[in-house]
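> Could you have a look at this structure, given as structure tokens, before my questions?
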Amino acid sequence: MLKNETLPADTFRGRPLCMDQFKAIFGSCRIPVEHSNDYVEHYPESTHVVVMSRGQMYYFQGLWPDDHYNNALAVDASDLVEILSAIDADSKHLKSAPTTEHKSYNTTTASSSSSLGVLTTLKRGAWSAIRTNIQKSSDQNESALRVIDEALFVLVLDDFVPNDIHEAAANMLHGSYKLSLNDDDDDKATSNSNYHQCGTCCNRWYDKLQIIVCADGSAGVNFEHSAIDGHTALRFVSDIFADTVVRFAQSITKSVYGSDSDRVVPSVLNAPVKRASTILDEAGGVPVLSTAPKRIEFDLTTVLVNNNNNNTN
């Protein structure tokens, strides 16, 4: 609806409001600049979604590119279950697997060391310097940052269950956090350098719109104010919530109205789906567009790992 500019306009006292900000909800990123003002980069042709799970980053194609099928969704609900299940399993495996770079670290420490998203919480000048260092250190890192910057948004999967609404709000705002002692440093607990930070605070990328989902299904949004104002994000969240209620209403009225239930209870959002897995090429019967999740990997040299550790202690 946003790409095709068919989203109904907000109104105030009966008059339609300007909807230009809605073009920047998705595919936008705040870029830090050292010794200067940050700027917002917008990628209107963005078609992929970045997913964060246990500090690891992945991405998959969510929309058809280049106006194929009128920018329809390339995945449906069953595809998303398969994609997110694969990501959850892979991130769980990475968290439990030992790493060659950190033989002296426990697995949680190694996971925290590669959680680069936590660096987006630093002062902008510090984050800009580190980001530039990461970007220039290798082509792989430059490509990885580009994938994140150009994503539609970041879907955050938290391995965390809030006890109440206050914990839920805190998790959506800044995440959970605690310092944990490295396994090999039991006799050195007095030194801060022997601790590592962990928690959902390491599972964030604050330069982009984040849709955060906890392990119990509770969800929230954390968005970058440089790209959009609060009322724009509120409309986005309100429409999603309203559509969820409507879909439930449609499901329970089908027994009464049958196929007309969608007309009796009209949908709030209209998102046509053209499953990429069903569109095969003529040669090998392979989908012309892969929606399989891919891991975003950074080339973390010793210098970069230490820099990350120093800023997360």
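Every chain in the structure tokens has a letter given in the order shown (A, B, ...), and although residue numbers restart at 1 in each chain, ligands are simply numbered from 1 in the order shown.
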Going by DSSP on the backbone, which bits of stretch 47-158 of chain A are helix (DSSP H, G or I)? Write them as an MDAnalysis selection string, please.
chainID A and resid 68:71 77:96 107:113 116:121 124:137 139:149
> Run DSSP on the backbone and give me the residues of stretch 44-205 of chain A it puts in strand (DSSP E or B), as a PyMOL selection string.
chain A and resi 48-53+56-61+63+73+154-157+178-181+195-198
> Write the residues you've just listed into a file as a CSV table (one decimal), in the first residue's frame, and include N, CA and C atoms for each of them.

chain,number,residue,atom,x,y,z
A,48,HIS,N,14.2,-6.5,1.2
A,48,HIS,CA,14.5,-7.5,2.1
A,48,HIS,C,14.4,-7.1,3.6
A,49,VAL,N,14.3,-8.0,4.5
A,49,VAL,CA,14.1,-7.8,5.9
A,49,VAL,C,15.3,-8.4,6.6
A,50,VAL,N,15.9,-7.6,7.6
A,50,VAL,CA,16.9,-8.1,8.4
A,50,VAL,C,16.3,-8.7,9.7
A,51,VAL,N,16.8,-9.8,10.2
A,51,VAL,CA,16.3,-10.5,11.4
A,51,VAL,C,17.4,-10.6,12.4
A,52,MET,N,17.2,-10.2,13.6
A,52,MET,CA,18.2,-10.4,14.7
A,52,MET,C,17.7,-11.4,15.7
A,53,SER,N,18.6,-12.4,16.0
A,53,SER,CA,18.2,-13.4,17.0
A,53,SER,C,19.5,-13.8,17.7
A,56,GLN,N,22.8,-12.5,16.6
A,56,GLN,CA,23.2,-12.8,15.2
A,56,GLN,C,22.3,-12.1,14.2
A,57,MET,N,22.7,-11.8,13.0
A,57,MET,CA,21.9,-11.1,12.0
A,57,MET,C,21.7,-11.9,10.8
A,58,TYR,N,20.5,-11.9,10.2
A,58,TYR,CA,20.2,-12.6,9.0
A,58,TYR,C,19.3,-11.7,8.1
A,59,TYR,N,19.1,-12.1,6.9
A,59,TYR,CA,18.1,-11.4,6.1
A,59,TYR,C,17.5,-12.4,5.1
A,60,PHE,N,16.3,-12.0,4.6
A,60,PHE,CA,15.6,-12.7,3.6
A,60,PHE,C,14.8,-11.8,2.7
A,61,GLN,N,14.4,-12.2,1.5
A,61,GLN,CA,13.6,-11.4,0.6
A,61,GLN,C,12.2,-11.5,1.0
A,63,LEU,N,9.8,-9.0,-0.4
A,63,LEU,CA,9.0,-8.4,-1.5
A,63,LEU,C,9.6,-8.8,-2.8
A,73,LEU,N,4.1,-9.3,-1.8
A,73,LEU,CA,4.8,-10.0,-0.9
A,73,LEU,C,5.3,-11.3,-1.5
A,154,VAL,N,14.2,-4.0,10.7
A,154,VAL,CA,14.8,-5.1,11.4
A,154,VAL,C,13.8,-5.8,12.3
A,155,LEU,N,13.6,-7.0,12.1
A,155,LEU,CA,12.7,-7.9,12.9
A,155,LEU,C,13.6,-8.5,14.0
A,156,VAL,N,13.3,-8.1,15.3
A,156,VAL,CA,14.1,-8.6,16.4
A,156,VAL,C,13.4,-9.7,17.1
A,157,LEU,N,14.0,-10.9,17.2
A,157,LEU,CA,13.5,-12.0,18.0
A,157,LEU,C,14.2,-12.1,19.3
A,178,LYS,N,22.7,-7.2,31.7
A,178,LYS,CA,23.4,-7.6,32.9
A,178,LYS,C,24.9,-7.9,32.6
A,179,LEU,N,25.8,-7.8,33.5
A,179,LEU,CA,27.2,-8.2,33.4
A,179,LEU,C,27.4,-9.6,33.9
A,180,SER,N,28.0,-10.4,33.1
A,180,SER,CA,28.2,-11.8,33.4
A,180,SER,C,29.7,-12.1,33.4
A,181,LEU,N,30.2,-12.8,34.4
A,181,LEU,CA,31.6,-13.2,34.5
A,181,LEU,C,32.0,-14.2,33.5
A,195,TYR,N,34.4,-9.2,32.8
A,195,TYR,CA,33.0,-9.4,32.6
A,195,TYR,C,32.6,-9.1,31.1
A,196,HIS,N,31.5,-9.6,30.7
A,196,HIS,CA,30.9,-9.3,29.4
A,196,HIS,C,29.4,-8.9,29.6
A,197,GLN,N,29.0,-8.0,28.8
A,197,GLN,CA,27.6,-7.6,28.9
A,197,GLN,C,26.7,-8.6,28.0
A,198,CYS,N,25.6,-8.9,28.6
A,198,CYS,CA,24.7,-9.8,27.8
A,198,CYS,C,23.2,-9.3,28.1
> When you look at stretch 160-165 of chain A with a cut-off of 8 Å (counting only C-alpha atoms), what residues show up, excluding the ones that are within fewer than 6 positions of it in the same chain? I need them as a list of chain:residue names.
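Here the answer would be A:Asn171, A:Thr200, A:Cys214, A:Ala215, A:Asp216.
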> Looking at A:Ile87, A:Val81, A:Val75, A:Val268, which one is nearest to A:Leu7, with distances taken over only C-alpha atoms?
A:Val268
> Can you list, as a count of residues only, every protein, DNA or RNA residue that comes within 12 Å of A:Gly27 when you count only C-alpha atoms, leaving out same-chain residues fewer than 3 positions away?
33
> Measure the distance from atom CA of A:His93 to atom CA of A:Asp159 in Å and round it to one decimal.
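Interatomic distance, atom CA of A:His93 to atom CA of A:Asp159: 13.7 Å.
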> How many Å separate atom CA of A:Asp38 from atom CA of A:Leu122?
13.5 Å
> Can you pull out the residues contacting A:Ala242? Cut-off 9 Å, using only C-alpha atoms, and skip same-chain residues under 3 positions away; I want them as a PyMOL selection string.
chain A and resi 237-239+245-247+267-269
> Compare A:Tyr257, A:Tyr206, A:Trp64, A:Phe241 by their minimum atom-to-atom distance to A:Ala219, counting only C-alpha atoms, and give me the closest one.
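For A:Ala219, the nearest of the candidates is A:Phe241.
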> Taking only C-alpha atoms into account, which of A:Pro32, A:Glu5, A:Asp66, A:Pro266 comes nearest A:Met19?
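Closest residue, counting only C-alpha atoms: A:Glu5.
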> Go through A:Leu116, A:His35, A:Glu142, A:Lys92 and flag the residue nearest A:Ser128, using only C-alpha atoms for the distances.
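So, comparing all the options, the nearest one is A:His35.
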> Atom CA of A:Cys201 to atom CA of A:Ser143: how many Å, to one decimal?
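A separation of 24.1 Å between them.
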